[in-house]
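Participant: Okay, here's the structure, questions in a sec.
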Amino acid sequence: MKQLGLLVTMQPSVKEKNAAMVEWTEQERSIITNIFGNLDYEDVGSKALSRCLIVYPWTQRYFASFGNLYNAEAIKTNPNIAAHGTKVLHGLDRAVKNMDNIKATYAELSVLHSEKLHVDPDNFKLLADCLTIVIAAKLGSAFSPEIQATFQKFLAVVVSALGRQYH
Amino acid sequence: MTFGSAKDKEVVKAFWTKLAPKADDVGADALSRMLAVYPQTKTYFAHWKDLSPGSAPVKKHGKTVMGGVADAVGKIDDLTAGLLDLSELHAFTLRVDPANFKILSHNILVVLAIVFPNEFTPEVHVALDKFLGALSRALAEKYR
């Protein structure tokens, strides 16, 4: 009976599990859905990835097979990078559609980035920062401090989820 | 602290001439964003009456901060020597955790993207990011 009691106390209750989940207000949810609802994925995706490769050149290590990355111009006009940036941005759609369960949503992608792609998870933050800057340039002053806070919170949760399955 | 190549310095100085007339607004906006997006930074300003975006103390302080950045642009060839006094101020009087320099730098870059969507190209971005990093390191020189 004592052992049973121990077992019961060791399992996290549903309440405790939910307490660990990220909380979103209605306003935060609508800010995120609005940003992604009005996004030009090809433009923003390619700009964000190419900016990342230019501003943080060591990130180019993951794109050795993508062709000419010799200088900023080459990176900006590289069609493989553009296509990949679009793909990555669409990958964020999953998080937008599952904001209450981003960790589980990205479990498989996290394993992929760790086991197959061998991406240092620090890089996720670098790309997230570049995406923030590209969105800021697009939205201008409409990208208010409050919206910036929500957007960065969203990206931080995504970044954390993508790094979760590394071991 | 040596910063960047001759080209990097050229890019920073050229961009600064565009930025200078708007420096006060950029400073105020960057500070507002820092306080809103990274609430832990508010702990350094508990003595202000109003920490909301665009408030009077925020505007005033944004101007002060950008004055420091302007100073650094002028001393770009030797940031460590040039920012000695400011480093001592931050180290011994203000005692700002240097991790926050990175946070403020990020918010300055976000504002630059907003104010200069076309001129803040990736090439300008990398030069400025390097510059702000070197500035931050020079500011942290006297800490210990």
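Chain identifiers are assigned as A, B, and so on, following the order in which chains appear in the structure tokens; residues are numbered from 1 within each chain, and ligands are numbered from 1 in order of appearance.
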For chain A against chain B, which residues fall within 10 Å using only C-alpha atoms, given as a PyMOL selection string?
Facilitator: chain A and resi 47-48+50-57+71-73+76+129-130+132-153
Participant: Within 10 Å of stretch 17-24 of chain B, counting only C-alpha atoms, which residues qualify if same-chain residues fewer than 2 places away don't, as a PyMOL selection string?
Facilitator: chain B and resi 12-15+26-30+59-67+69-70+112+115-116+119
Participant: Which neighbours of B:Gln40 fall inside 12 Å, counting only C-alpha atoms, when residues of the same chain fewer than 4 positions from it are skipped, and could you give them as a list in words?
Facilitator: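 Returned residues: Met34, Leu35, Ala36, Tyr44, Phe45, Ala46, Val96, Asp97, Ala99, Asn100 and Ile103 of chain B.
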Participant: If we count only C-alpha atoms, what is near A:Asn98 at a cut-off of 12 Å, once residues fewer than 6 positions away on the same chain are taken out, given as a list in words?
Facilitator: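 Everything that qualifies: Val22, Trp24, Arg29, Ile32, Thr33, Gly91, Leu92, Ala104, Thr105, Tyr106, Phe154, Val157 and Val158 of chain A.
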Participant: Between B:Asp50, B:Gly68, B:Glu141, B:Ala56, which one has atoms that come closest to B:Glu88, using only C-alpha atoms?
Facilitator: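 Under the stated criterion, the closest residue is B:Glu141.
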Participant: I need the alpha helix (DSSP H) residues of stretch 43-79 of chain B per DSSP on the backbone, written as a PyMOL selection string.
Facilitator: chain B and resi 56-74+79
Participant: Excluding B:Phe131 and its own-chain neighbours fewer than 6 positions away, which residues fall within 9 Å of it when counting only C-alpha atoms? Please give them as a list in words.
Facilitator: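 Answer for this query is Phe3, Gly4, Asp8, Lys9, Val12, Val73 and Ile76 of chain B.
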Participant: Using only C-alpha atoms, can you tell me which of B:Lys142, B:Ala72, B:Leu135, B:Ser105 comes closest to B:Ala91?
Facilitator: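 Among B:Lys142, B:Ala72, B:Leu135, B:Ser105, it is B:Lys142 that comes nearest to B:Ala91.
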Participant: Return the single residue from A:His84, A:Lys97, A:His90, A:Arg61 that is closest to A:Ser46, with distances computed using only C-alpha atoms.
Facilitator: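 Nearest candidate to A:Ser46 out of A:His84, A:Lys97, A:His90, A:Arg61: A:His84.
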